[in-house]
Structures are given as structure tokens and as C-alpha cells.
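With PDB, C-alpha atoms inside, this is input.pdb:
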ATOM      1  CA  ASP A 228     -14.299  11.690 -16.744  1.00  0.00           C
ATOM      2  CA  GLY A 229     -14.984   8.689 -14.526  1.00  0.00           C
ATOM      3  CA  GLY A 230     -16.407   9.337 -11.127  1.00  0.00           C
ATOM      4  CA  ILE A 231     -19.339   9.643  -8.828  1.00  0.00           C
ATOM      5  CA  THR A 232     -21.933  12.369  -9.071  1.00  0.00           C
ATOM      6  CA  GLN A 233     -24.415  13.355  -6.428  1.00  0.00           C
ATOM      7  CA  SER A 234     -27.275  15.739  -6.874  1.00  0.00           C
ATOM      8  CA  PRO A 235     -28.348  18.164  -5.720  1.00  0.00           C
ATOM      9  CA  LYS A 236     -25.454  19.757  -3.839  1.00  0.00           C
ATOM     10  CA  TYR A 237     -27.809  21.482  -1.411  1.00  0.00           C
ATOM     11  CA  LEU A 238     -31.316  20.362  -0.541  1.00  0.00           C
ATOM     12  CA  PHE A 239     -33.928  21.890   1.695  1.00  0.00           C
ATOM     13  CA  ARG A 240     -36.907  19.984   2.941  1.00  0.00           C
ATOM     14  CA  LYS A 241     -39.871  20.711   5.135  1.00  0.00           C
ATOM     15  CA  GLU A 242     -40.529  18.462   8.086  1.00  0.00           C
ATOM     16  CA  GLY A 243     -42.749  15.537   7.190  1.00  0.00           C
ATOM     17  CA  GLN A 244     -41.621  15.325   3.553  1.00  0.00           C
ATOM     18  CA  ASN A 245     -39.703  12.488   1.971  1.00  0.00           C
ATOM     19  CA  VAL A 246     -36.743  13.434  -0.209  1.00  0.00           C
ATOM     20  CA  THR A 247     -34.560  11.405  -2.580  1.00  0.00           C
ATOM     21  CA  LEU A 248     -30.835  11.976  -3.029  1.00  0.00           C
ATOM     22  CA  SER A 249     -29.262  10.904  -6.289  1.00  0.00           C
ATOM     23  CA  CYS A 250     -25.993   8.990  -6.694  1.00  0.00           C
ATOM     24  CA  GLU A 251     -24.596   7.881 -10.038  1.00  0.00           C
ATOM     25  CA  GLN A 252     -21.252   6.276 -10.875  1.00  0.00           C
ATOM     26  CA  ASN A 253     -19.596   5.464 -14.194  1.00  0.00           C
ATOM     27  CA  LEU A 254     -16.681   3.541 -12.721  1.00  0.00           C
ATOM     28  CA  ASN A 255     -18.290   0.156 -13.408  1.00  0.00           C
ATOM     29  CA  HIS A 256     -18.128  -0.604  -9.695  1.00  0.00           C
ATOM     30  CA  ASP A 257     -20.271  -3.381  -8.250  1.00  0.00           C
ATOM     31  CA  ALA A 258     -20.568  -1.979  -4.730  1.00  0.00           C
ATOM     32  CA  MET A 259     -22.116   1.296  -3.631  1.00  0.00           C
ATOM     33  CA  TYR A 260     -22.542   2.890  -0.232  1.00  0.00           C
ATOM     34  CA  TRP A 261     -24.372   5.714   1.521  1.00  0.00           C
ATOM     35  CA  TYR A 262     -22.853   7.477   4.517  1.00  0.00           C
ATOM     36  CA  ARG A 263     -23.987  10.267   6.742  1.00  0.00           C
ATOM     37  CA  GLN A 264     -21.361  12.740   7.989  1.00  0.00           C
ATOM     38  CA  ASP A 265     -22.026  14.784  11.122  1.00  0.00           C
ATOM     39  CA  PRO A 266     -19.478  17.065  12.831  1.00  0.00           C
ATOM     40  CA  GLY A 267     -17.366  15.152  15.318  1.00  0.00           C
ATOM     41  CA  GLN A 268     -18.871  11.777  14.390  1.00  0.00           C
ATOM     42  CA  GLY A 269     -17.064  10.841  11.216  1.00  0.00           C
ATOM     43  CA  LEU A 270     -18.894   8.834   8.561  1.00  0.00           C
ATOM     44  CA  ARG A 271     -21.628   6.428   9.533  1.00  0.00           C
ATOM     45  CA  LEU A 272     -22.899   3.800   7.115  1.00  0.00           C
ATOM     46  CA  ILE A 273     -26.587   3.997   6.213  1.00  0.00           C
ATOM     47  CA  TYR A 274     -26.991   1.347   3.500  1.00  0.00           C
ATOM     48  CA  TYR A 275     -24.765  -0.513   1.091  1.00  0.00           C
ATOM     49  CA  SER A 276     -25.220  -2.637  -1.991  1.00  0.00           C
ATOM     50  CA  GLN A 277     -22.779  -5.227  -3.270  1.00  0.00           C
ATOM     51  CA  ILE A 278     -24.683  -6.054  -6.432  1.00  0.00           C
ATOM     52  CA  VAL A 279     -27.682  -4.932  -8.455  1.00  0.00           C
ATOM     53  CA  ASN A 280     -31.058  -5.688  -6.882  1.00  0.00           C
ATOM     54  CA  ASP A 281     -29.514  -6.364  -3.491  1.00  0.00           C
ATOM     55  CA  PHE A 282     -28.687  -4.104  -0.541  1.00  0.00           C
ATOM     56  CA  GLN A 283     -28.054  -4.336   3.189  1.00  0.00           C
ATOM     57  CA  LYS A 284     -28.679  -2.081   6.141  1.00  0.00           C
ATOM     58  CA  GLY A 285     -25.729  -0.294   7.628  1.00  0.00           C
ATOM     59  CA  ASP A 286     -25.375   1.007  11.161  1.00  0.00           C
ATOM     60  CA  ILE A 287     -28.015   3.761  10.999  1.00  0.00           C
ATOM     61  CA  ALA A 288     -30.608   2.605   8.445  1.00  0.00           C
ATOM     62  CA  GLU A 289     -33.728   3.650  10.370  1.00  0.00           C
ATOM     63  CA  GLY A 290     -35.684   6.320   8.515  1.00  0.00           C
ATOM     64  CA  TYR A 291     -33.899   5.702   5.208  1.00  0.00           C
ATOM     65  CA  SER A 292     -34.583   3.539   2.163  1.00  0.00           C
ATOM     66  CA  VAL A 293     -32.621   2.686  -0.988  1.00  0.00           C
ATOM     67  CA  SER A 294     -32.964   0.873  -4.280  1.00  0.00           C
ATOM     68  CA  ARG A 295     -30.409  -0.620  -6.668  1.00  0.00           C
ATOM     69  CA  GLU A 296     -32.179  -1.255  -9.955  1.00  0.00           C
ATOM     70  CA  LYS A 297     -29.163  -0.345 -12.071  1.00  0.00           C
ATOM     71  CA  LYS A 298     -25.447  -0.862 -11.496  1.00  0.00           C
ATOM     72  CA  GLU A 299     -24.767   2.843 -12.004  1.00  0.00           C
ATOM     73  CA  SER A 300     -27.386   4.215  -9.639  1.00  0.00           C
ATOM     74  CA  PHE A 301     -28.056   3.969  -5.891  1.00  0.00           C
ATOM     75  CA  PRO A 302     -30.628   6.591  -4.799  1.00  0.00           C
ATOM     76  CA  LEU A 303     -31.265   7.241  -1.108  1.00  0.00           C
ATOM     77  CA  THR A 304     -34.657   8.314   0.220  1.00  0.00           C
ATOM     78  CA  VAL A 305     -34.764  10.159   3.506  1.00  0.00           C
ATOM     79  CA  THR A 306     -38.214   9.538   4.901  1.00  0.00           C
ATOM     80  CA  SER A 307     -40.249  11.523   7.381  1.00  0.00           C
ATOM     81  CA  ALA A 308     -39.466   8.780   9.915  1.00  0.00           C
ATOM     82  CA  GLN A 309     -35.837   9.934  10.142  1.00  0.00           C
ATOM     83  CA  LYS A 310     -35.730  11.919  13.394  1.00  0.00           C
ATOM     84  CA  ASN A 311     -32.715  14.097  12.647  1.00  0.00           C
ATOM     85  CA  PRO A 312     -32.196  14.214   8.892  1.00  0.00           C
ATOM     86  CA  THR A 313     -30.179  17.437   8.634  1.00  0.00           C
ATOM     87  CA  ALA A 314     -26.683  16.261   7.671  1.00  0.00           C
ATOM     88  CA  PHE A 315     -24.108  15.896   4.910  1.00  0.00           C
ATOM     89  CA  TYR A 316     -24.702  12.729   2.859  1.00  0.00           C
ATOM     90  CA  LEU A 317     -21.894  10.994   0.992  1.00  0.00           C
ATOM     91  CA  CYS A 318     -22.193   8.292  -1.637  1.00  0.00           C
ATOM     92  CA  ALA A 319     -19.273   5.973  -2.435  1.00  0.00           C
ATOM     93  CA  SER A 320     -18.482   3.027  -4.654  1.00  0.00           C
ATOM     94  CA  SER A 321     -15.852   0.308  -4.860  1.00  0.00           C
ATOM     95  CA  THR A 322     -14.950  -2.501  -7.237  1.00  0.00           C
ATOM     96  CA  THR A 323     -16.368  -5.152  -4.923  1.00  0.00           C
ATOM     97  CA  GLY A 324     -18.146  -5.118  -1.594  1.00  0.00           C
ATOM     98  CA  THR A 325     -15.588  -7.131   0.319  1.00  0.00           C
ATOM     99  CA  GLY A 326     -14.448  -4.119   2.324  1.00  0.00           C
ATOM    100  CA  ASN A 327     -10.782  -4.284   1.437  1.00  0.00           C
ATOM    101  CA  ASN A 328     -11.057  -2.167  -1.674  1.00  0.00           C
ATOM    102  CA  GLU A 329     -10.645   1.561  -1.909  1.00  0.00           C
ATOM    103  CA  GLN A 330     -13.931   3.405  -1.820  1.00  0.00           C
ATOM    104  CA  PHE A 331     -14.346   6.393  -4.138  1.00  0.00           C
ATOM    105  CA  PHE A 332     -16.534   9.201  -2.863  1.00  0.00           C
ATOM    106  CA  GLY A 333     -18.891  11.678  -4.472  1.00  0.00           C
ATOM    107  CA  PRO A 334     -19.014  15.396  -3.618  1.00  0.00           C
ATOM    108  CA  GLY A 335     -21.899  14.985  -1.180  1.00  0.00           C
ATOM    109  CA  THR A 336     -25.365  16.458  -0.675  1.00  0.00           C
ATOM    110  CA  ARG A 337     -26.073  18.757   2.245  1.00  0.00           C
ATOM    111  CA  LEU A 338     -29.645  18.245   3.410  1.00  0.00           C
ATOM    112  CA  THR A 339     -31.324  20.792   5.647  1.00  0.00           C
ATOM    113  CA  VAL A 340     -34.731  20.212   7.152  1.00  0.00           C
ATOM    114  CA  LEU A 341     -36.615  23.399   7.850  1.00  0.00           C
TER
ATOM    115  CA  ALA B 168     -18.538  -4.183  18.113  1.00  0.00           C
ATOM    116  CA  GLN B 169     -15.721  -2.807  16.021  1.00  0.00           C
ATOM    117  CA  SER B 170     -14.771   0.811  16.612  1.00  0.00           C
ATOM    118  CA  VAL B 171     -12.136   3.315  15.563  1.00  0.00           C
ATOM    119  CA  SER B 172     -10.774   6.048  17.814  1.00  0.00           C
ATOM    120  CA  GLN B 173      -9.032   9.172  16.641  1.00  0.00           C
ATOM    121  CA  HIS B 174      -7.727  10.897  19.712  1.00  0.00           C
ATOM    122  CA  ASN B 175      -7.079  14.350  18.315  1.00  0.00           C
ATOM    123  CA  HIS B 176     -10.182  16.131  17.110  1.00  0.00           C
ATOM    124  CA  HIS B 177      -8.451  19.419  16.275  1.00  0.00           C
ATOM    125  CA  VAL B 178      -4.767  19.971  15.589  1.00  0.00           C
ATOM    126  CA  ILE B 179      -3.127  23.309  14.840  1.00  0.00           C
ATOM    127  CA  LEU B 180       0.432  23.422  13.531  1.00  0.00           C
ATOM    128  CA  SER B 181       2.799  25.863  11.930  1.00  0.00           C
ATOM    129  CA  GLU B 182       4.293  25.086   8.541  1.00  0.00           C
ATOM    130  CA  ALA B 183       7.329  22.764   8.680  1.00  0.00           C
ATOM    131  CA  ALA B 184       6.187  21.216  11.971  1.00  0.00           C
ATOM    132  CA  SER B 185       5.970  17.434  12.190  1.00  0.00           C
ATOM    133  CA  LEU B 186       2.587  15.742  12.298  1.00  0.00           C
ATOM    134  CA  GLU B 187       1.358  12.584  13.952  1.00  0.00           C
ATOM    135  CA  LEU B 188      -2.353  11.740  14.109  1.00  0.00           C
ATOM    136  CA  GLY B 189      -3.387   8.834  16.266  1.00  0.00           C
ATOM    137  CA  CYS B 190      -5.735   6.034  15.225  1.00  0.00           C
ATOM    138  CA  ASN B 191      -6.644   2.990  17.306  1.00  0.00           C
ATOM    139  CA  TYR B 192      -9.152   0.294  16.495  1.00  0.00           C
ATOM    140  CA  SER B 193     -10.875  -2.453  18.403  1.00  0.00           C
ATOM    141  CA  TYR B 194     -10.869  -5.795  16.610  1.00  0.00           C
ATOM    142  CA  GLY B 195      -8.717  -8.802  17.332  1.00  0.00           C
ATOM    143  CA  GLY B 196      -8.590 -10.350  13.885  1.00  0.00           C
ATOM    144  CA  THR B 197      -7.103  -9.412  10.537  1.00  0.00           C
ATOM    145  CA  VAL B 198      -7.781  -5.862   9.426  1.00  0.00           C
ATOM    146  CA  ASN B 199      -7.362  -3.631   6.418  1.00  0.00           C
ATOM    147  CA  LEU B 200      -6.553  -0.037   7.324  1.00  0.00           C
ATOM    148  CA  PHE B 201      -7.076   3.251   5.536  1.00  0.00           C
ATOM    149  CA  TRP B 202      -6.500   6.963   5.929  1.00  0.00           C
ATOM    150  CA  TYR B 203      -8.761   9.282   3.949  1.00  0.00           C
ATOM    151  CA  VAL B 204      -8.456  13.043   3.610  1.00  0.00           C
ATOM    152  CA  GLN B 205     -11.080  15.689   2.909  1.00  0.00           C
ATOM    153  CA  TYR B 206      -9.597  18.989   1.714  1.00  0.00           C
ATOM    154  CA  PRO B 207     -11.881  22.041   1.986  1.00  0.00           C
ATOM    155  CA  GLY B 208     -14.506  21.878  -0.753  1.00  0.00           C
ATOM    156  CA  GLN B 209     -13.186  18.623  -2.208  1.00  0.00           C
ATOM    157  CA  HIS B 210     -14.215  14.979  -2.283  1.00  0.00           C
ATOM    158  CA  LEU B 211     -13.050  12.579   0.378  1.00  0.00           C
ATOM    159  CA  GLN B 212     -10.028  10.802  -1.104  1.00  0.00           C
ATOM    160  CA  LEU B 213      -7.678   7.978  -0.168  1.00  0.00           C
ATOM    161  CA  LEU B 214      -4.367   9.021   1.385  1.00  0.00           C
ATOM    162  CA  LEU B 215      -2.920   5.548   1.982  1.00  0.00           C
ATOM    163  CA  LYS B 216      -3.879   1.987   2.877  1.00  0.00           C
ATOM    164  CA  TYR B 217      -2.456  -1.109   4.531  1.00  0.00           C
ATOM    165  CA  PHE B 218      -3.525  -4.645   3.666  1.00  0.00           C
ATOM    166  CA  SER B 219      -0.465  -6.772   4.415  1.00  0.00           C
ATOM    167  CA  GLY B 220       3.325  -6.806   4.242  1.00  0.00           C
ATOM    168  CA  ASP B 221       5.535  -3.928   5.348  1.00  0.00           C
ATOM    169  CA  PRO B 222       3.731  -2.242   8.243  1.00  0.00           C
ATOM    170  CA  LEU B 223       5.137   1.129   7.228  1.00  0.00           C
ATOM    171  CA  VAL B 224       3.137   2.372   4.264  1.00  0.00           C
ATOM    172  CA  LYS B 225       3.701   5.478   2.215  1.00  0.00           C
ATOM    173  CA  GLY B 226       0.941   7.504   0.636  1.00  0.00           C
ATOM    174  CA  ILE B 227       0.483  10.601  -1.417  1.00  0.00           C
ATOM    175  CA  LYS B 228       1.917  14.029  -0.579  1.00  0.00           C
ATOM    176  CA  GLY B 229       4.636  12.712   1.745  1.00  0.00           C
ATOM    177  CA  PHE B 230       2.323  11.037   4.237  1.00  0.00           C
ATOM    178  CA  GLU B 231       3.098   7.681   5.826  1.00  0.00           C
ATOM    179  CA  ALA B 232       1.461   5.468   8.422  1.00  0.00           C
ATOM    180  CA  GLU B 233       2.702   2.638  10.590  1.00  0.00           C
ATOM    181  CA  PHE B 234       0.613  -0.387  11.528  1.00  0.00           C
ATOM    182  CA  ILE B 235       1.504  -1.656  14.996  1.00  0.00           C
ATOM    183  CA  LYS B 236      -0.549  -4.791  15.500  1.00  0.00           C
ATOM    184  CA  SER B 237       0.290  -5.161  19.199  1.00  0.00           C
ATOM    185  CA  LYS B 238      -1.044  -1.678  19.865  1.00  0.00           C
ATOM    186  CA  PHE B 239      -4.017  -1.905  17.467  1.00  0.00           C
ATOM    187  CA  SER B 240      -2.783   1.370  15.994  1.00  0.00           C
ATOM    188  CA  PHE B 241      -2.325   2.931  12.576  1.00  0.00           C
ATOM    189  CA  ASN B 242      -0.942   6.410  13.180  1.00  0.00           C
ATOM    190  CA  LEU B 243      -0.490   8.883  10.340  1.00  0.00           C
ATOM    191  CA  ARG B 244       2.712  10.918  10.086  1.00  0.00           C
ATOM    192  CA  LYS B 245       4.318  13.609   8.001  1.00  0.00           C
ATOM    193  CA  PRO B 246       7.745  15.044   8.819  1.00  0.00           C
ATOM    194  CA  SER B 247       7.033  18.583   7.651  1.00  0.00           C
ATOM    195  CA  VAL B 248       3.511  19.887   7.028  1.00  0.00           C
ATOM    196  CA  GLN B 249       2.514  22.541   4.542  1.00  0.00           C
ATOM    197  CA  TRP B 250      -0.347  25.016   4.534  1.00  0.00           C
ATOM    198  CA  SER B 251      -1.974  22.904   1.796  1.00  0.00           C
ATOM    199  CA  ASP B 252      -2.278  19.979   4.244  1.00  0.00           C
ATOM    200  CA  THR B 253      -5.089  21.819   6.013  1.00  0.00           C
ATOM    201  CA  ALA B 254      -7.932  19.306   5.852  1.00  0.00           C
ATOM    202  CA  GLU B 255      -9.926  16.761   7.820  1.00  0.00           C
ATOM    203  CA  TYR B 256      -8.344  13.330   8.150  1.00  0.00           C
ATOM    204  CA  PHE B 257     -10.270  10.101   8.718  1.00  0.00           C
ATOM    205  CA  CYS B 258      -8.947   6.731   9.775  1.00  0.00           C
ATOM    206  CA  ALA B 259     -10.996   3.722   8.633  1.00  0.00           C
ATOM    207  CA  VAL B 260     -10.828   0.019   9.356  1.00  0.00           C
ATOM    208  CA  ASN B 261     -12.215  -2.998   7.568  1.00  0.00           C
ATOM    209  CA  ALA B 262     -12.288  -6.191   9.573  1.00  0.00           C
ATOM    210  CA  GLU B 263     -11.685  -9.194   7.342  1.00  0.00           C
ATOM    211  CA  GLY B 264     -14.943 -10.945   6.561  1.00  0.00           C
ATOM    212  CA  TYR B 265     -17.005  -7.800   7.099  1.00  0.00           C
ATOM    213  CA  ASN B 266     -18.152  -5.934   4.027  1.00  0.00           C
ATOM    214  CA  LYS B 267     -17.894  -2.411   5.323  1.00  0.00           C
ATOM    215  CA  LEU B 268     -15.547   0.271   6.593  1.00  0.00           C
ATOM    216  CA  ILE B 269     -15.732   1.703  10.088  1.00  0.00           C
ATOM    217  CA  PHE B 270     -14.611   5.333  10.223  1.00  0.00           C
ATOM    218  CA  GLY B 271     -13.167   7.313  13.074  1.00  0.00           C
ATOM    219  CA  ALA B 272     -14.618  10.679  14.063  1.00  0.00           C
ATOM    220  CA  GLY B 273     -11.991  12.573  12.088  1.00  0.00           C
ATOM    221  CA  THR B 274      -9.228  15.048  12.941  1.00  0.00           C
ATOM    222  CA  ARG B 275      -9.324  18.628  11.668  1.00  0.00           C
ATOM    223  CA  LEU B 276      -5.829  19.851  10.892  1.00  0.00           C
ATOM    224  CA  ALA B 277      -5.130  23.560  10.445  1.00  0.00           C
ATOM    225  CA  VAL B 278      -1.653  24.559   9.256  1.00  0.00           C
ATOM    226  CA  HIS B 279      -0.665  28.175   9.641  1.00  0.00           C
ATOM    227  CA  PRO B 280       1.927  29.762   7.333  1.00  0.00           C
TER
END
Target encoding C-alpha cells, full file:
Amino acid sequence: DGGITQSPKYLFRKEGQNVTLSCEQNLNHDAMYWYRQDPGQGLRLIYYSQIVNDFQKGDIAEGYSVSREKKESFPLTVTSAQKNPTAFYLCASSTTGTGNNEQFFGPGTRLTVL
Amino acid sequence: AQSVSQHNHHVILSEAASLELGCNYSYGGTVNLFWYVQYPGQHLQLLLKYFSGDPLVKGIKGFEAEFIKSKFSFNLRKPSVQWSDTAEYFCAVNAEGYNKLIFGAGTRLAVHP
């Protein structure tokens, strides 16, 4: 089946620790995205990548980092610098990064900082 | 800065009632418009989209939306809702030339049998 996988589904972290969220797609899409979803705030863009080895900051990039070494993979690291990391994180991909293509979403990772 | 407003945060309806969810955006140029839906426990998925042409677009499961450029709106409608339409609905806008979507805050719809 083609799609986007995110792991783990639930993640717990102690304050001060970095944690990496996985996102893999087998749709052969060039563009990939990371969003954060908080109740009542919709989806906010953290980082996006339009092509391998290139990525751009979104609207709330502070405290996060990404890499795009392979077309299929776009891991997100939540660093200890992120002030309020507890949230639901969604990964998405699209055929190109021009914004007018449908984005396909993964199932999400719920991160809780203890 | 571009923004998207969804005026109804929570909507409760009985089955067979008509639905209209409001979406307004702030951007004066050409836009691409989307409605996404997130059913309980499922992935966010595309409901419908507008790029150009007929401003009345039809999507899956009997949903439709109308783009009114003069009002900067893209409201979602369904004539008769079902219990299975219970979900969270997100409006999203892409301004031409910008490589990202801007999402609204979402509207939680609960349909009672």
C-alpha cells in the first residue's frame, strides 16, 4: 500500500531531552512537510522540504530541526529548546512543493513531555 | 500575512440537518483553496479543492463548497448530514507563489442520530 507512515504513535519524553519523530513515504513525492496540531489552532507548519537535501523553515521552526537525506524520509527532531513541545505532530507529502497540490497526511505522532 | 478564519469552532447538528461551515481568508491575489477532514482516529484527508474554473466545487460524500472571490470566502456545505460526518473540518489556503498551505483553526462537527 502506498502512503505515509509515522512512528511512534505515542511518545513520551522527559524535559531537557531531544526526541526524533520518524516520517516515511512511498508515494514518490518530492515535497514533505511537518505540522504541529494543537486544539483550537489548526495545523501550523514547522518545516518543509521541496527536494532532497533542501528544506525551509515554516511558521514555527524554533526548537525543531529536520533533515532530508533521502526522498522517502523526513525526520523531525524536537529539541530541548522547544518551550512547549507537547502536541500532535503530522507529517505530509505532495508531488511538488508549489503549494497547489494535494497534501497526503500520515497518522500522526502524539508527543507528551513529562 | 496570510490567514484563514473558520468562524464556527464547534457545531452540533441532528441527522438530516443542512450544514454550512464558514471559511474566510486574507490574501488579495490568486489562491488555491482546500477543505480537509479528520474523522475520529483517521488520517487527515482531502474533502475537496478549488484551483480555477467553476467556483462551485463538489467533493466526496456529498460535500460541496463555493468560492466567492469578492467575499474572500470558501464555505463548505452539505444538504443533509449523517452521523458518519462527525469529524473535524479544516479549511486551507495556498496563495499562488507561496509554497505552503495556511490552515484555519478547524471546526468540530458532531452529528446526533
I'd like the neighbourhood of stretch 188-202 of chain B as a VMD selection string, where a residue qualifies if any of its atoms comes within 8 Å (using all atoms listed in the file), though same-chain residues fewer than 5 positions away should be ignored. (chain A and resid 327) or (chain B and resid 168 to 175 213 to 219 238 to 244 256 to 263 271 274)
Write out, as an mmCIF file, in the coordinates of the input, the residues just selected, with C-alpha atoms.
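The result, stored in result29.cif:
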data_model
loop_
_atom_site.group_PDB
_atom_site.id
_atom_site.type_symbol
_atom_site.label_atom_id
_atom_site.label_comp_id
_atom_site.auth_asym_id
_atom_site.auth_seq_id
_atom_site.Cartn_x
_atom_site.Cartn_y
_atom_site.Cartn_z
ATOM 1 C CA ASN A 327 -10.782 -4.284 1.437
ATOM 2 C CA ALA B 168 -18.538 -4.183 18.113
ATOM 3 C CA GLN B 169 -15.721 -2.807 16.021
ATOM 4 C CA SER B 170 -14.771 0.811 16.612
ATOM 5 C CA VAL B 171 -12.136 3.315 15.563
ATOM 6 C CA SER B 172 -10.774 6.048 17.814
ATOM 7 C CA GLN B 173 -9.032 9.172 16.641
ATOM 8 C CA HIS B 174 -7.727 10.897 19.712
ATOM 9 C CA ASN B 175 -7.079 14.350 18.315
ATOM 10 C CA LEU B 213 -7.678 7.978 -0.168
ATOM 11 C CA LEU B 214 -4.367 9.021 1.385
ATOM 12 C CA LEU B 215 -2.920 5.548 1.982
ATOM 13 C CA LYS B 216 -3.879 1.987 2.877
ATOM 14 C CA TYR B 217 -2.456 -1.109 4.531
ATOM 15 C CA PHE B 218 -3.525 -4.645 3.666
ATOM 16 C CA SER B 219 -0.465 -6.772 4.415
ATOM 17 C CA LYS B 238 -1.044 -1.678 19.865
ATOM 18 C CA PHE B 239 -4.017 -1.905 17.467
ATOM 19 C CA SER B 240 -2.783 1.370 15.994
ATOM 20 C CA PHE B 241 -2.325 2.931 12.576
ATOM 21 C CA ASN B 242 -0.942 6.410 13.180
ATOM 22 C CA LEU B 243 -0.490 8.883 10.340
ATOM 23 C CA ARG B 244 2.712 10.918 10.086
ATOM 24 C CA TYR B 256 -8.344 13.330 8.150
ATOM 25 C CA PHE B 257 -10.270 10.101 8.718
ATOM 26 C CA CYS B 258 -8.947 6.731 9.775
ATOM 27 C CA ALA B 259 -10.996 3.722 8.633
ATOM 28 C CA VAL B 260 -10.828 0.019 9.356
ATOM 29 C CA ASN B 261 -12.215 -2.998 7.568
ATOM 30 C CA ALA B 262 -12.288 -6.191 9.573
ATOM 31 C CA GLU B 263 -11.685 -9.194 7.342
ATOM 32 C CA GLY B 271 -13.167 7.313 13.074
ATOM 33 C CA THR B 274 -9.228 15.048 12.941
#
Taking only residues of chain A that have an atom at most 12 Å from an atom of chain B, what is each one's shortest atom pair and its distance in Å to one decimal, using only C-alpha atoms, in chain and number order, as JSON lines?
{"residue": "A:Gly230", "atom": "CA", "partner": "B:His210", "partner_atom": "CA", "distance": 10.7}
{"residue": "A:Ile231", "atom": "CA", "partner": "B:His210", "partner_atom": "CA", "distance": 9.9}
{"residue": "A:Thr232", "atom": "CA", "partner": "B:His210", "partner_atom": "CA", "distance": 10.6}
{"residue": "A:Gln233", "atom": "CA", "partner": "B:His210", "partner_atom": "CA", "distance": 11.1}
{"residue": "A:Lys236", "atom": "CA", "partner": "B:Gly208", "partner_atom": "CA", "distance": 11.6}
{"residue": "A:Ala258", "atom": "CA", "partner": "B:Asn266", "partner_atom": "CA", "distance": 9.9}
{"residue": "A:Met259", "atom": "CA", "partner": "B:Lys267", "partner_atom": "CA", "distance": 10.6}
{"residue": "A:Tyr260", "atom": "CA", "partner": "B:Lys267", "partner_atom": "CA", "distance": 9.0}
{"residue": "A:Trp261", "atom": "CA", "partner": "B:Lys267", "partner_atom": "CA", "distance": 11.1}
{"residue": "A:Tyr262", "atom": "CA", "partner": "B:Phe270", "partner_atom": "CA", "distance": 10.3}
{"residue": "A:Arg263", "atom": "CA", "partner": "B:Phe270", "partner_atom": "CA", "distance": 11.2}
{"residue": "A:Gln264", "atom": "CA", "partner": "B:Ala272", "partner_atom": "CA", "distance": 9.3}
{"residue": "A:Asp265", "atom": "CA", "partner": "B:Ala272", "partner_atom": "CA", "distance": 9.0}
{"residue": "A:Pro266", "atom": "CA", "partner": "B:Ala272", "partner_atom": "CA", "distance": 8.1}
{"residue": "A:Gly267", "atom": "CA", "partner": "B:Ala272", "partner_atom": "CA", "distance": 5.4}
{"residue": "A:Gln268", "atom": "CA", "partner": "B:Ala272", "partner_atom": "CA", "distance": 4.4}
{"residue": "A:Gly269", "atom": "CA", "partner": "B:Ala272", "partner_atom": "CA", "distance": 3.8}
{"residue": "A:Leu270", "atom": "CA", "partner": "B:Phe270", "partner_atom": "CA", "distance": 5.8}
{"residue": "A:Arg271", "atom": "CA", "partner": "B:Phe270", "partner_atom": "CA", "distance": 7.1}
{"residue": "A:Leu272", "atom": "CA", "partner": "B:Ile269", "partner_atom": "CA", "distance": 8.0}
{"residue": "A:Ile273", "atom": "CA", "partner": "B:Lys267", "partner_atom": "CA", "distance": 10.8}
{"residue": "A:Tyr274", "atom": "CA", "partner": "B:Lys267", "partner_atom": "CA", "distance": 10.0}
{"residue": "A:Tyr275", "atom": "CA", "partner": "B:Lys267", "partner_atom": "CA", "distance": 8.3}
{"residue": "A:Ser276", "atom": "CA", "partner": "B:Asn266", "partner_atom": "CA", "distance": 9.9}
{"residue": "A:Gln277", "atom": "CA", "partner": "B:Asn266", "partner_atom": "CA", "distance": 8.7}
{"residue": "A:Phe282", "atom": "CA", "partner": "B:Asn266", "partner_atom": "CA", "distance": 11.6}
{"residue": "A:Gln283", "atom": "CA", "partner": "B:Asn266", "partner_atom": "CA", "distance": 10.1}
{"residue": "A:Lys284", "atom": "CA", "partner": "B:Lys267", "partner_atom": "CA", "distance": 10.8}
{"residue": "A:Gly285", "atom": "CA", "partner": "B:Lys267", "partner_atom": "CA", "distance": 8.4}
{"residue": "A:Asp286", "atom": "CA", "partner": "B:Ile269", "partner_atom": "CA", "distance": 9.7}
{"residue": "A:Tyr316", "atom": "CA", "partner": "B:His210", "partner_atom": "CA", "distance": 11.9}
{"residue": "A:Leu317", "atom": "CA", "partner": "B:Leu211", "partner_atom": "CA", "distance": 9.0}
{"residue": "A:Cys318", "atom": "CA", "partner": "B:Leu211", "partner_atom": "CA", "distance": 10.3}
{"residue": "A:Ala319", "atom": "CA", "partner": "B:Leu211", "partner_atom": "CA", "distance": 9.5}
{"residue": "A:Ser320", "atom": "CA", "partner": "B:Lys267", "partner_atom": "CA", "distance": 11.4}
{"residue": "A:Ser321", "atom": "CA", "partner": "B:Lys267", "partner_atom": "CA", "distance": 10.7}
{"residue": "A:Thr323", "atom": "CA", "partner": "B:Asn266", "partner_atom": "CA", "distance": 9.2}
{"residue": "A:Gly324", "atom": "CA", "partner": "B:Asn266", "partner_atom": "CA", "distance": 5.7}
{"residue": "A:Thr325", "atom": "CA", "partner": "B:Asn266", "partner_atom": "CA", "distance": 4.7}
{"residue": "A:Gly326", "atom": "CA", "partner": "B:Asn266", "partner_atom": "CA", "distance": 4.5}
{"residue": "A:Asn327", "atom": "CA", "partner": "B:Asn199", "partner_atom": "CA", "distance": 6.1}
{"residue": "A:Asn328", "atom": "CA", "partner": "B:Asn199", "partner_atom": "CA", "distance": 9.0}
{"residue": "A:Glu329", "atom": "CA", "partner": "B:Leu213", "partner_atom": "CA", "distance": 7.3}
{"residue": "A:Gln330", "atom": "CA", "partner": "B:Leu213", "partner_atom": "CA", "distance": 7.9}
{"residue": "A:Phe331", "atom": "CA", "partner": "B:Gln212", "partner_atom": "CA", "distance": 6.9}
{"residue": "A:Phe332", "atom": "CA", "partner": "B:Leu211", "partner_atom": "CA", "distance": 5.8}
{"residue": "A:Gly333", "atom": "CA", "partner": "B:His210", "partner_atom": "CA", "distance": 6.1}
{"residue": "A:Pro334", "atom": "CA", "partner": "B:His210", "partner_atom": "CA", "distance": 5.0}
{"residue": "A:Gly335", "atom": "CA", "partner": "B:His210", "partner_atom": "CA", "distance": 7.8}
{"residue": "A:Thr336", "atom": "CA", "partner": "B:His210", "partner_atom": "CA", "distance": 11.4}
Give me, please, the distance in Å between atom CA of B:Leu186 and atom CA of B:Asp221, quoted to one decimal.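 If I compute the distance from atom CA of B:Leu186 to atom CA of B:Asp221, I get 21.1 Å.
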Given the PyMOL selection byres ((chain B and resi 229) around 12), the residues it picks as a ChimeraX atom specification: /B:185-186,214-215,224-228,230-232,243-249,252
Please indicate the distance in Å from atom CA of B:Leu180 to atom CA of B:Leu276, rounded to one decimal place. 7.7 Å
For the provided coordinates, the residues matched by the PyMOL selection byres ((chain B and resi 182) around 7) should be stated as a compact mmCIF listing (two decimals) with C-alpha atoms, in the frame of the given file.
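Produced file out17.txt, reproduced below:
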# COMPACT_ATOMS: atom_id res chain seq x y z
CA LEU B 180 0.43 23.42 13.53
CA SER B 181 2.80 25.86 11.93
CA ALA B 183 7.33 22.76 8.68
CA ALA B 184 6.19 21.22 11.97
CA VAL B 248 3.51 19.89 7.03
CA GLN B 249 2.51 22.54 4.54
CA TRP B 250 -0.35 25.02 4.53
CA VAL B 278 -1.65 24.56 9.26
CA HIS B 279 -0.66 28.18 9.64
CA PRO B 280 1.93 29.76 7.33
